[in-house]
$ cat input_37.cif   # mmCIF, C-alpha atoms
data_target
#
loop_
_atom_site.label_atom_id
_atom_site.label_comp_id
_atom_site.auth_asym_id
_atom_site.auth_seq_id
_atom_site.Cartn_x
_atom_site.Cartn_y
_atom_site.Cartn_z
CA GLN U 108 -127.60 54.36 -52.33
CA VAL U 109 -128.31 53.65 -55.99
CA GLN U 110 -127.89 56.25 -58.68
CA LEU U 111 -129.05 56.14 -62.29
CA VAL U 112 -127.48 58.42 -64.88
CA GLU U 113 -129.12 58.80 -68.26
CA SER U 114 -127.76 60.08 -71.54
CA GLY U 115 -129.09 60.49 -75.03
CA GLY U 116 -132.40 61.96 -76.02
CA GLY U 117 -132.89 65.17 -77.93
CA MET U 118 -134.89 66.32 -80.90
CA VAL U 119 -135.42 64.41 -84.14
CA GLN U 120 -137.76 64.46 -87.09
CA ALA U 121 -140.40 61.80 -87.54
CA GLY U 122 -138.91 58.64 -88.94
CA GLY U 123 -135.57 59.29 -87.31
CA SER U 124 -133.69 57.41 -84.61
CA LEU U 125 -132.35 58.08 -81.15
CA ARG U 126 -130.51 56.02 -78.57
CA LEU U 127 -130.90 56.35 -74.83
CA ALA U 128 -128.41 54.99 -72.33
CA CYS U 129 -128.51 54.56 -68.57
CA GLY U 130 -125.89 53.46 -66.09
CA ALA U 131 -126.53 52.38 -62.52
CA SER U 132 -124.16 52.49 -59.59
CA GLY U 133 -124.37 51.56 -55.94
CA SER U 134 -125.62 48.53 -54.07
CA ILE U 135 -127.61 46.66 -56.71
CA SER U 136 -129.22 43.25 -56.51
CA SER U 137 -127.77 40.75 -58.99
CA LEU U 138 -131.33 39.84 -60.02
CA ASN U 139 -133.15 42.89 -61.27
CA THR U 140 -135.13 44.51 -64.03
CA MET U 141 -133.95 47.59 -65.87
CA GLY U 142 -136.18 49.51 -68.18
CA TRP U 143 -137.48 52.71 -69.62
CA TYR U 144 -140.69 54.56 -68.90
CA ARG U 145 -141.99 57.74 -70.45
CA GLN U 146 -144.33 60.51 -69.50
CA ALA U 147 -145.91 62.91 -71.95
CA PRO U 148 -147.49 66.19 -70.81
CA GLY U 149 -150.85 65.56 -69.18
CA LYS U 150 -150.43 61.79 -69.27
CA GLN U 151 -149.44 59.13 -66.79
CA ARG U 152 -146.01 57.58 -66.80
CA GLU U 153 -146.03 54.39 -68.85
CA LEU U 154 -143.72 51.48 -69.46
CA VAL U 155 -141.83 51.60 -72.75
CA ALA U 156 -139.59 48.55 -72.42
CA SER U 157 -137.90 46.50 -69.72
CA MET U 158 -135.40 43.69 -69.51
CA THR U 159 -134.50 41.32 -66.68
CA THR U 160 -131.01 40.10 -65.85
CA ALA U 161 -132.08 36.79 -67.40
CA GLY U 162 -132.83 38.54 -70.67
CA TYR U 163 -136.62 38.53 -70.63
CA THR U 164 -138.06 41.61 -72.32
CA ASN U 165 -141.35 43.43 -72.19
CA TYR U 166 -142.41 46.13 -74.64
CA ALA U 167 -145.35 48.47 -74.87
CA ASP U 168 -147.49 47.56 -77.86
CA SER U 169 -146.99 51.05 -79.29
CA VAL U 170 -143.21 50.55 -79.65
CA LYS U 171 -142.96 46.90 -80.66
CA GLY U 172 -140.94 46.52 -83.83
CA ARG U 173 -139.51 50.03 -83.54
CA PHE U 174 -137.67 50.10 -80.20
CA THR U 175 -135.06 47.65 -78.93
CA ILE U 176 -133.83 47.37 -75.36
CA GLY U 177 -130.47 45.96 -74.42
CA ARG U 178 -128.40 45.69 -71.28
CA ASP U 179 -124.99 44.79 -69.95
CA ASN U 180 -125.39 43.01 -66.63
CA ALA U 181 -121.73 43.28 -65.71
CA LYS U 182 -121.78 47.05 -66.15
CA ASN U 183 -125.34 47.63 -64.90
CA THR U 184 -126.23 49.56 -68.02
CA VAL U 185 -129.33 49.58 -70.17
CA ASN U 186 -129.95 51.24 -73.50
CA LEU U 187 -132.92 51.86 -75.72
CA GLN U 188 -132.57 52.07 -79.49
CA MET U 189 -135.53 53.97 -80.89
CA ASN U 190 -136.16 53.78 -84.62
CA SER U 191 -138.98 55.04 -86.83
CA LEU U 192 -139.84 57.64 -84.23
CA LYS U 193 -143.27 59.24 -84.30
CA PRO U 194 -144.49 62.56 -82.87
CA GLU U 195 -146.49 60.58 -80.30
CA ASP U 196 -143.21 59.24 -78.90
CA THR U 197 -142.47 62.74 -77.60
CA ALA U 198 -142.08 62.53 -73.83
CA VAL U 199 -139.65 62.59 -70.95
CA TYR U 200 -138.02 59.18 -70.77
CA TYR U 201 -137.00 57.75 -67.40
CA CYS U 202 -134.61 54.92 -66.66
CA ASN U 203 -135.81 52.50 -63.98
CA LEU U 204 -134.09 49.83 -61.93
CA ARG U 205 -136.01 47.56 -59.61
CA TRP U 206 -135.82 44.24 -57.79
CA VAL U 207 -137.95 42.28 -55.37
CA ILE U 208 -135.30 40.40 -53.40
CA TYR U 209 -135.26 41.76 -49.86
CA PRO U 210 -134.70 44.53 -49.32
CA PRO U 211 -136.60 45.50 -52.47
CA GLY U 212 -135.52 48.45 -54.54
CA ASN U 213 -137.09 50.77 -57.07
CA TYR U 214 -134.98 53.60 -58.47
CA TRP U 215 -135.43 56.26 -61.16
CA GLY U 216 -133.18 58.37 -63.31
CA GLN U 217 -133.65 62.10 -63.66
CA GLY U 218 -135.34 61.83 -67.04
CA THR U 219 -134.32 62.88 -70.53
CA GLN U 220 -136.45 64.70 -73.07
CA VAL U 221 -137.23 63.12 -76.43
CA THR U 222 -138.98 65.36 -78.94
CA VAL U 223 -140.13 64.10 -82.34
CA SER U 224 -141.27 66.72 -84.82
CA SER U 225 -143.62 66.01 -87.68
#
$ encode --input "input_37.cif" --output "structure tokens"
Amino acid sequence: QVQLVESGGGMVQAGGSLRLACGASGSISSLNTMGWYRQAPGKQRELVASMTTAGYTNYADSVKGRFTIGRDNAKNTVNLQMNSLKPEDTAVYYCNLRWVIYPPGNYWGQGTQVTVSS
């Protein structure tokens, strides 16, 4: 069983910064992708940023240049530094861990609220 525990989030004014962190425990493939998704009220969950164990990153266009993802493979942790936050970044942010090597896995954290006021 894999568990993801998130921390960080909260409320900040526009232009401010927040940092999210997520730690994974359990039986985890050594080749995987960790990332962050978000879901705003009335909208679908969307990818914010992800990073593979090899260091390849993928960012949503809306956060490029403002958000930075990082990870520690040895500790199975991933973080998301969010700068220059905008009201439209307001959402519940979810940590995700997935891999395709059999047996495949796809796991989610419980979610953490990020609220950006104008």
$ closest_residue --input "input_37.cif" --among "U:Ala167, U:Met189, U:Ala121, U:Leu127" --to "U:Gly218" --atoms "all atoms listed in the file"
U:Leu127
$ residues_around --input "input_37.cif" --residues "stretch 175-186 of chain U" --least-positions-apart "2" --cutoff "12 Å" --atoms "only C-alpha atoms" --output "JSON, numbers by chain"
{"U": [109, 110, 111, 112, 113, 114, 115, 116, 124, 125, 126, 127, 128, 129, 130, 131, 132, 133, 134, 135, 136, 137, 138, 139, 140, 141, 142, 143, 144, 155, 156, 157, 158, 159, 160, 161, 162, 163, 164, 165, 166, 167, 170, 171, 172, 173, 188, 189, 190, 191, 200, 201, 202, 203, 204, 205, 216]}
$ closest_residue --input "input_37.cif" --among "U:Arg145, U:Trp206, U:Glu153, U:Met118" --to "U:Val221" --atoms "only C-alpha atoms"
U:Met118
$ atom_distance --input "input_37.cif" --atom1 "atom CA of U:Gln108" --atom2 "atom CA of U:Gln151"
26.6 Å
$ atom_distance --input "input_37.cif" --atom1 "atom CA of U:Trp215" --atom2 "atom CA of U:Pro148"
18.4 Å
$ atom_distance --input "input_37.cif" --atom1 "atom CA of U:Ser169" --atom2 "atom CA of U:Gly212"
27.4 Å
$ residues_around --input "input_37.cif" --residues "U:Val119" --least-positions-apart "3" --cutoff "10 Å" --atoms "all atoms listed in the file" --output "list in words"
Gly116, Gly122, Gly123, Ser124, Leu125, Leu192, Lys193, Pro194, Thr197, Val221, Thr222, Val223, Ser224 and Ser225 of chain U
$ write_last_selection --input "input_37.cif" --atoms "C-alpha atoms" --output "mmCIF file, in the frame of the given file"
data_model
loop_
_atom_site.group_PDB
_atom_site.id
_atom_site.type_symbol
_atom_site.label_atom_id
_atom_site.label_comp_id
_atom_site.auth_asym_id
_atom_site.auth_seq_id
_atom_site.Cartn_x
_atom_site.Cartn_y
_atom_site.Cartn_z
ATOM 1 C CA GLY U 116 -132.400 61.960 -76.020
ATOM 2 C CA GLY U 122 -138.910 58.640 -88.940
ATOM 3 C CA GLY U 123 -135.570 59.290 -87.310
ATOM 4 C CA SER U 124 -133.690 57.410 -84.610
ATOM 5 C CA LEU U 125 -132.350 58.080 -81.150
ATOM 6 C CA LEU U 192 -139.840 57.640 -84.230
ATOM 7 C CA LYS U 193 -143.270 59.240 -84.300
ATOM 8 C CA PRO U 194 -144.490 62.560 -82.870
ATOM 9 C CA THR U 197 -142.470 62.740 -77.600
ATOM 10 C CA VAL U 221 -137.230 63.120 -76.430
ATOM 11 C CA THR U 222 -138.980 65.360 -78.940
ATOM 12 C CA VAL U 223 -140.130 64.100 -82.340
ATOM 13 C CA SER U 224 -141.270 66.720 -84.820
ATOM 14 C CA SER U 225 -143.620 66.010 -87.680
#
$ decode --input "input_37.cif" --residues "stretch 184-214 of chain U" --atoms "N, CA, C and O atoms" --output "PDB file, in the first residue's frame"
ATOM      1  N   THR U 184      10.105  12.168  -2.092  1.00  0.00           N
ATOM      2  CA  THR U 184       9.388  13.406  -1.806  1.00  0.00           C
ATOM      3  C   THR U 184       9.369  14.295  -3.042  1.00  0.00           C
ATOM      4  O   THR U 184      10.270  14.230  -3.894  1.00  0.00           O
ATOM      5  N   VAL U 185       8.353  15.114  -3.120  1.00  0.00           N
ATOM      6  CA  VAL U 185       8.233  16.086  -4.198  1.00  0.00           C
ATOM      7  C   VAL U 185       7.701  17.387  -3.599  1.00  0.00           C
ATOM      8  O   VAL U 185       6.917  17.362  -2.650  1.00  0.00           O
ATOM      9  N   ASN U 186       8.189  18.490  -4.107  1.00  0.00           N
ATOM     10  CA  ASN U 186       7.708  19.776  -3.626  1.00  0.00           C
ATOM     11  C   ASN U 186       7.363  20.667  -4.808  1.00  0.00           C
ATOM     12  O   ASN U 186       7.784  20.411  -5.941  1.00  0.00           O
ATOM     13  N   LEU U 187       6.616  21.690  -4.522  1.00  0.00           N
ATOM     14  CA  LEU U 187       6.203  22.642  -5.549  1.00  0.00           C
ATOM     15  C   LEU U 187       6.340  24.049  -4.979  1.00  0.00           C
ATOM     16  O   LEU U 187       5.620  24.411  -4.042  1.00  0.00           O
ATOM     17  N   GLN U 188       7.275  24.798  -5.498  1.00  0.00           N
ATOM     18  CA  GLN U 188       7.452  26.191  -5.113  1.00  0.00           C
ATOM     19  C   GLN U 188       6.602  27.047  -6.037  1.00  0.00           C
ATOM     20  O   GLN U 188       6.801  27.026  -7.259  1.00  0.00           O
ATOM     21  N   MET U 189       5.684  27.782  -5.443  1.00  0.00           N
ATOM     22  CA  MET U 189       4.753  28.590  -6.230  1.00  0.00           C
ATOM     23  C   MET U 189       5.001  30.065  -5.943  1.00  0.00           C
ATOM     24  O   MET U 189       4.820  30.513  -4.800  1.00  0.00           O
ATOM     25  N   ASN U 190       5.448  30.785  -6.940  1.00  0.00           N
ATOM     26  CA  ASN U 190       5.717  32.214  -6.816  1.00  0.00           C
ATOM     27  C   ASN U 190       4.755  33.012  -7.696  1.00  0.00           C
ATOM     28  O   ASN U 190       4.116  32.463  -8.599  1.00  0.00           O
ATOM     29  N   SER U 191       4.686  34.296  -7.429  1.00  0.00           N
ATOM     30  CA  SER U 191       3.829  35.194  -8.217  1.00  0.00           C
ATOM     31  C   SER U 191       2.424  34.620  -8.356  1.00  0.00           C
ATOM     32  O   SER U 191       1.860  34.572  -9.453  1.00  0.00           O
ATOM     33  N   LEU U 192       1.864  34.199  -7.254  1.00  0.00           N
ATOM     34  CA  LEU U 192       0.558  33.542  -7.287  1.00  0.00           C
ATOM     35  C   LEU U 192      -0.529  34.509  -7.725  1.00  0.00           C
ATOM     36  O   LEU U 192      -0.491  35.714  -7.437  1.00  0.00           O
ATOM     37  N   LYS U 193      -1.507  33.947  -8.445  1.00  0.00           N
ATOM     38  CA  LYS U 193      -2.628  34.710  -8.964  1.00  0.00           C
ATOM     39  C   LYS U 193      -3.933  34.144  -8.399  1.00  0.00           C
ATOM     40  O   LYS U 193      -3.989  32.963  -8.026  1.00  0.00           O
ATOM     41  N   PRO U 194      -4.978  34.934  -8.352  1.00  0.00           N
ATOM     42  CA  PRO U 194      -6.270  34.412  -7.864  1.00  0.00           C
ATOM     43  C   PRO U 194      -6.721  33.157  -8.622  1.00  0.00           C
ATOM     44  O   PRO U 194      -7.328  32.271  -8.019  1.00  0.00           O
ATOM     45  N   GLU U 195      -6.397  33.072  -9.903  1.00  0.00           N
ATOM     46  CA  GLU U 195      -6.799  31.902 -10.679  1.00  0.00           C
ATOM     47  C   GLU U 195      -6.015  30.640 -10.316  1.00  0.00           C
ATOM     48  O   GLU U 195      -6.324  29.560 -10.810  1.00  0.00           O
ATOM     49  N   ASP U 196      -5.022  30.768  -9.464  1.00  0.00           N
ATOM     50  CA  ASP U 196      -4.314  29.580  -8.958  1.00  0.00           C
ATOM     51  C   ASP U 196      -5.062  28.940  -7.795  1.00  0.00           C
ATOM     52  O   ASP U 196      -4.677  27.864  -7.328  1.00  0.00           O
ATOM     53  N   THR U 197      -6.106  29.592  -7.319  1.00  0.00           N
ATOM     54  CA  THR U 197      -6.898  29.058  -6.210  1.00  0.00           C
ATOM     55  C   THR U 197      -7.507  27.718  -6.596  1.00  0.00           C
ATOM     56  O   THR U 197      -8.185  27.598  -7.620  1.00  0.00           O
ATOM     57  N   ALA U 198      -7.236  26.698  -5.773  1.00  0.00           N
ATOM     58  CA  ALA U 198      -7.716  25.349  -6.064  1.00  0.00           C
ATOM     59  C   ALA U 198      -7.280  24.420  -4.930  1.00  0.00           C
ATOM     60  O   ALA U 198      -6.488  24.816  -4.067  1.00  0.00           O
ATOM     61  N   VAL U 199      -7.795  23.203  -4.978  1.00  0.00           N
ATOM     62  CA  VAL U 199      -7.251  22.139  -4.141  1.00  0.00           C
ATOM     63  C   VAL U 199      -6.135  21.477  -4.942  1.00  0.00           C
ATOM     64  O   VAL U 199      -6.351  21.070  -6.094  1.00  0.00           O
ATOM     65  N   TYR U 200      -4.977  21.370  -4.338  1.00  0.00           N
ATOM     66  CA  TYR U 200      -3.814  20.791  -5.001  1.00  0.00           C
ATOM     67  C   TYR U 200      -3.590  19.360  -4.490  1.00  0.00           C
ATOM     68  O   TYR U 200      -3.584  19.122  -3.276  1.00  0.00           O
ATOM     69  N   TYR U 201      -3.398  18.458  -5.433  1.00  0.00           N
ATOM     70  CA  TYR U 201      -3.234  17.044  -5.119  1.00  0.00           C
ATOM     71  C   TYR U 201      -1.866  16.543  -5.563  1.00  0.00           C
ATOM     72  O   TYR U 201      -1.440  16.782  -6.709  1.00  0.00           O
ATOM     73  N   CYS U 202      -1.211  15.831  -4.688  1.00  0.00           N
ATOM     74  CA  CYS U 202       0.037  15.155  -5.027  1.00  0.00           C
ATOM     75  C   CYS U 202      -0.299  13.838  -5.738  1.00  0.00           C
ATOM     76  O   CYS U 202      -1.271  13.153  -5.375  1.00  0.00           O
ATOM     77  N   ASN U 203       0.486  13.496  -6.731  1.00  0.00           N
ATOM     78  CA  ASN U 203       0.264  12.267  -7.492  1.00  0.00           C
ATOM     79  C   ASN U 203       1.574  11.509  -7.675  1.00  0.00           C
ATOM     80  O   ASN U 203       2.623  12.109  -7.916  1.00  0.00           O
ATOM     81  N   LEU U 204       1.468  10.210  -7.582  1.00  0.00           N
ATOM     82  CA  LEU U 204       2.608   9.320  -7.822  1.00  0.00           C
ATOM     83  C   LEU U 204       2.138   8.216  -8.746  1.00  0.00           C
ATOM     84  O   LEU U 204       1.140   7.552  -8.463  1.00  0.00           O
ATOM     85  N   ARG U 205       2.845   8.001  -9.839  1.00  0.00           N
ATOM     86  CA  ARG U 205       2.419   6.953 -10.759  1.00  0.00           C
ATOM     87  C   ARG U 205       3.617   6.318 -11.444  1.00  0.00           C
ATOM     88  O   ARG U 205       4.689   6.914 -11.537  1.00  0.00           O
ATOM     89  N   TRP U 206       3.394   5.084 -11.894  1.00  0.00           N
ATOM     90  CA  TRP U 206       4.408   4.377 -12.697  1.00  0.00           C
ATOM     91  C   TRP U 206       3.727   3.363 -13.584  1.00  0.00           C
ATOM     92  O   TRP U 206       2.587   2.963 -13.332  1.00  0.00           O
ATOM     93  N   VAL U 207       4.419   2.953 -14.626  1.00  0.00           N
ATOM     94  CA  VAL U 207       3.837   2.042 -15.605  1.00  0.00           C
ATOM     95  C   VAL U 207       4.418   0.644 -15.522  1.00  0.00           C
ATOM     96  O   VAL U 207       3.846  -0.292 -16.089  1.00  0.00           O
ATOM     97  N   ILE U 208       5.541   0.487 -14.836  1.00  0.00           N
ATOM     98  CA  ILE U 208       6.162  -0.831 -14.722  1.00  0.00           C
ATOM     99  C   ILE U 208       5.216  -1.746 -13.954  1.00  0.00           C
ATOM    100  O   ILE U 208       4.695  -1.368 -12.904  1.00  0.00           O
ATOM    101  N   TYR U 209       5.025  -2.953 -14.478  1.00  0.00           N
ATOM    102  CA  TYR U 209       4.049  -3.857 -13.869  1.00  0.00           C
ATOM    103  C   TYR U 209       4.452  -4.258 -12.456  1.00  0.00           C
ATOM    104  O   TYR U 209       5.617  -4.592 -12.215  1.00  0.00           O
ATOM    105  N   PRO U 210       3.525  -4.289 -11.556  1.00  0.00           N
ATOM    106  CA  PRO U 210       2.147  -3.808 -11.701  1.00  0.00           C
ATOM    107  C   PRO U 210       2.107  -2.286 -11.647  1.00  0.00           C
ATOM    108  O   PRO U 210       2.761  -1.681 -10.811  1.00  0.00           O
ATOM    109  N   PRO U 211       1.364  -1.660 -12.527  1.00  0.00           N
ATOM    110  CA  PRO U 211       1.321  -0.192 -12.561  1.00  0.00           C
ATOM    111  C   PRO U 211       0.663   0.376 -11.318  1.00  0.00           C
ATOM    112  O   PRO U 211      -0.099  -0.304 -10.627  1.00  0.00           O
ATOM    113  N   GLY U 212       0.992   1.622 -11.030  1.00  0.00           N
ATOM    114  CA  GLY U 212       0.428   2.264  -9.862  1.00  0.00           C
ATOM    115  C   GLY U 212       0.043   3.698 -10.152  1.00  0.00           C
ATOM    116  O   GLY U 212       0.662   4.366 -10.996  1.00  0.00           O
ATOM    117  N   ASN U 213      -0.972   4.170  -9.479  1.00  0.00           N
ATOM    118  CA  ASN U 213      -1.415   5.559  -9.619  1.00  0.00           C
ATOM    119  C   ASN U 213      -2.064   5.944  -8.292  1.00  0.00           C
ATOM    120  O   ASN U 213      -3.142   5.449  -7.952  1.00  0.00           O
ATOM    121  N   TYR U 214      -1.390   6.834  -7.544  1.00  0.00           N
ATOM    122  CA  TYR U 214      -1.824   7.150  -6.197  1.00  0.00           C
ATOM    123  C   TYR U 214      -1.968   8.661  -6.003  1.00  0.00           C
ATOM    124  O   TYR U 214      -1.257   9.451  -6.640  1.00  0.00           O
TER     125      TYR U 214
END
